[in-house]
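J.: Attaching a single structure in structure tokens format; questions to follow.
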Amino acid sequence: GVVPVDTRQHKQWHRFHAFPLTRLVSGHVDEWYLNKHRDMDKLMPDVFDESYNTLLSGVDCCAQDTISFHYVEYMESRALFATREALLKNPYMTDHELKGIMLTEWPAVGKDIGGYSRGLPKETDKEGWKQLLAVMRKMSSRQTQREC
């Protein structure tokens with residue numbers, strides 16, 4: 001039989017994500033996904049504690065060693081990869097430089113973004129950008145790289 005395990009980092013930050021990064025940071029996920037997490041501590045008390053019932057958003061949405069995002073169109077996957085690569089090459093770039101890379105790389109047209117994703121925050125959404133840039137930095141540190 002298959003034995004379920006809590007795959008979160010330190011029983012807090014998810015590593016496997018059902019939605020793209022922009023939706024997780026903003027907290028705009030579907031009701032079915034929220035419902036999936038409710039009462040998991042009661043359903044499987046030997047695996048999940050009460051903290052599993054609440055999905056985190058903003059800077060806390062994702063583990064430093066995040067493994068995957070689902071429901072992501074190929075252009076967003078490429079943009080995420082390119083942004084992470086740029087941060088790995090230059091971890092000291094400014095937030096302004098990082099935002100510029102994301103604006104250049106990320107898909108901006110609805111059909112390119114895909115049905116499950118959302119575009120980048122609006123230019124005027126300072127808090128949205130602050131959180132998104134912080135998550136990108138967290139997931140793009142050398143500490144997230146593992147030898148295979």
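Order determines the names: the first chain of the structure tokens is A, the second B, and so forth; residues in each chain are numbered 1 upward, and ligands are numbered 1 upward as they are shown.
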Tell me which protein, DNA and RNA residues are within 12 Å of segment 11-13 of chain A, counting only C-alpha atoms, leaving out same-chain ones fewer than 6 positions away, and put them as a list in words.
T.: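 The neighbour list is Val5, Leu24, Val47, Phe48, Asp49, Glu50, Ser51, Tyr52, Asn53, Thr54, Leu55, Leu56, Ser57, Gly58, Val59, Asp60, Cys61, Cys62, Ala63, Gln64, Asp65, Thr66, Ile67, Val135, Lys138 and Met139 of chain A.
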J.: Taking only C-alpha atoms into account, name the residue in A:Ser141, A:Thr94, A:Ser77, A:Ser117 that is nearest to Ala18 of chain A.
T.: A:Ser117
J.: May I ask which of the residues A:Arg142, A:Met40, A:Leu21, A:Leu133 is the closest one to Glu97 of chain A, counting only C-alpha atoms?
T.: A:Leu133
J.: Calculated over only C-alpha atoms, which of the candidates A:Gly128, A:Pro121, A:Pro4, A:Gly110 has the smallest distance to Glu73 of chain A?
T.: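 That would be A:Gly110, the residue with the smallest distance to Glu73 of chain A.
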J.: Provide the atom CA of Thr104 of chain A to atom CA of His14 of chain A distance in Å, to one decimal place.
T.: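 Computed distance, atom CA of Thr104 of chain A to atom CA of His14 of chain A, equals 27.5 Å.
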J.: Would you please work out which residue, of A:Pro45, A:Gly1, A:Pro91, A:Pro20, is nearest to Ala134 of chain A when using only C-alpha atoms?
T.: A:Pro91
J.: From the set A:Glu85, A:Asp41, A:Glu127, A:Glu76, which residue has the shortest atom-to-atom contact distance to Thr22 of chain A, counting only C-alpha atoms?
T.: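 Looking at the shortest contact to Thr22 of chain A, the residue is A:Glu76.
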J.: Do you know which residues are at most 8 Å from Ile113 of chain A counting only C-alpha atoms, after dropping those on the same chain fewer than 5 positions away, and could you put them as a PyMOL selection string?
T.: chain A and resi 73+75-76+107-108+118-119
J.: Could you work out how far atom CA of Met102 of chain A lies from atom CA of Arg84 of chain A, giving the answer in Å with one decimal?
T.: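 Rounded to one decimal, the two atoms are 9.9 Å apart.
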J.: Report the distance between atom CA of Val109 of chain A and atom CA of Asp95 of chain A in Å, rounded to one decimal place.
T.: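 According to the coordinates, atom CA of Val109 of chain A and atom CA of Asp95 of chain A are separated by 23.4 Å.
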J.: Can you list every residue in segment 17-106 of chain A that DSSP puts in alpha helix (DSSP H), as a PDB file with C-alpha atoms, in the first residue's frame?
T.:
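selection21.pdb, freshly written:
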```pdb
ATOM      1  CA  LEU A  21       3.170  30.905  -8.857  1.00  0.00           C
ATOM      2  CA  THR A  22       1.211  34.108  -9.495  1.00  0.00           C
ATOM      3  CA  ARG A  23      -2.000  32.601  -8.114  1.00  0.00           C
ATOM      4  CA  LEU A  24      -0.289  31.148  -5.062  1.00  0.00           C
ATOM      5  CA  VAL A  25       1.427  34.392  -4.119  1.00  0.00           C
ATOM      6  CA  SER A  26      -1.807  36.367  -4.532  1.00  0.00           C
ATOM      7  CA  GLU A  31     -12.518  26.802  -3.830  1.00  0.00           C
ATOM      8  CA  TRP A  32     -12.005  23.084  -4.598  1.00  0.00           C
ATOM      9  CA  TYR A  33      -8.350  23.471  -3.646  1.00  0.00           C
ATOM     10  CA  LEU A  34      -9.185  25.167  -0.363  1.00  0.00           C
ATOM     11  CA  ASN A  35     -11.749  22.455   0.365  1.00  0.00           C
ATOM     12  CA  LYS A  36      -9.165  19.754  -0.364  1.00  0.00           C
ATOM     13  CA  HIS A  37      -7.094  20.987   2.569  1.00  0.00           C
ATOM     14  CA  MET A  40      -7.123  16.858   6.561  1.00  0.00           C
ATOM     15  CA  ASP A  41      -5.867  16.688  10.144  1.00  0.00           C
ATOM     16  CA  LYS A  42      -9.081  14.867  11.090  1.00  0.00           C
ATOM     17  CA  LEU A  43      -9.058  12.628   8.019  1.00  0.00           C
ATOM     18  CA  TYR A  74       4.675  26.336 -21.354  1.00  0.00           C
ATOM     19  CA  MET A  75       5.414  30.074 -21.701  1.00  0.00           C
ATOM     20  CA  GLU A  76       5.043  30.611 -17.971  1.00  0.00           C
ATOM     21  CA  SER A  77       7.211  27.555 -17.285  1.00  0.00           C
ATOM     22  CA  ARG A  78       9.895  28.996 -19.534  1.00  0.00           C
ATOM     23  CA  ALA A  79       9.603  32.402 -17.848  1.00  0.00           C
ATOM     24  CA  LEU A  80       9.915  30.842 -14.395  1.00  0.00           C
ATOM     25  CA  PHE A  81      12.982  28.885 -15.509  1.00  0.00           C
ATOM     26  CA  ALA A  82      14.613  31.947 -17.134  1.00  0.00           C
ATOM     27  CA  THR A  83      13.958  34.093 -14.060  1.00  0.00           C
ATOM     28  CA  ARG A  84      15.404  31.491 -11.704  1.00  0.00           C
ATOM     29  CA  GLU A  85      18.464  31.067 -13.935  1.00  0.00           C
ATOM     30  CA  ALA A  86      19.040  34.843 -13.957  1.00  0.00           C
ATOM     31  CA  LEU A  87      18.822  34.940 -10.162  1.00  0.00           C
ATOM     32  CA  LEU A  88      21.202  32.015  -9.796  1.00  0.00           C
ATOM     33  CA  LYS A  89      23.724  33.805 -12.016  1.00  0.00           C
ATOM     34  CA  ASP A  95      14.415  44.194  -7.162  1.00  0.00           C
ATOM     35  CA  HIS A  96      14.127  46.656 -10.050  1.00  0.00           C
ATOM     36  CA  GLU A  97      16.347  44.427 -12.213  1.00  0.00           C
ATOM     37  CA  LEU A  98      14.472  41.275 -11.179  1.00  0.00           C
ATOM     38  CA  LYS A  99      11.119  42.889 -11.929  1.00  0.00           C
ATOM     39  CA  GLY A 100      12.459  43.924 -15.338  1.00  0.00           C
ATOM     40  CA  ILE A 101      13.465  40.342 -16.129  1.00  0.00           C
ATOM     41  CA  MET A 102      10.066  39.060 -15.090  1.00  0.00           C
ATOM     42  CA  LEU A 103       8.260  41.698 -17.156  1.00  0.00           C
ATOM     43  CA  THR A 104      10.378  40.734 -20.171  1.00  0.00           C
ATOM     44  CA  GLU A 105      10.103  36.955 -19.755  1.00  0.00           C
TER      45      GLU A 105
END
```
J.: Between A:Met136, A:Met44, A:Val72, A:Met93, which is the closest to His17 of chain A once you count only C-alpha atoms?
T.: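 Ranked by minimum distance to His17 of chain A, first place goes to A:Val72.
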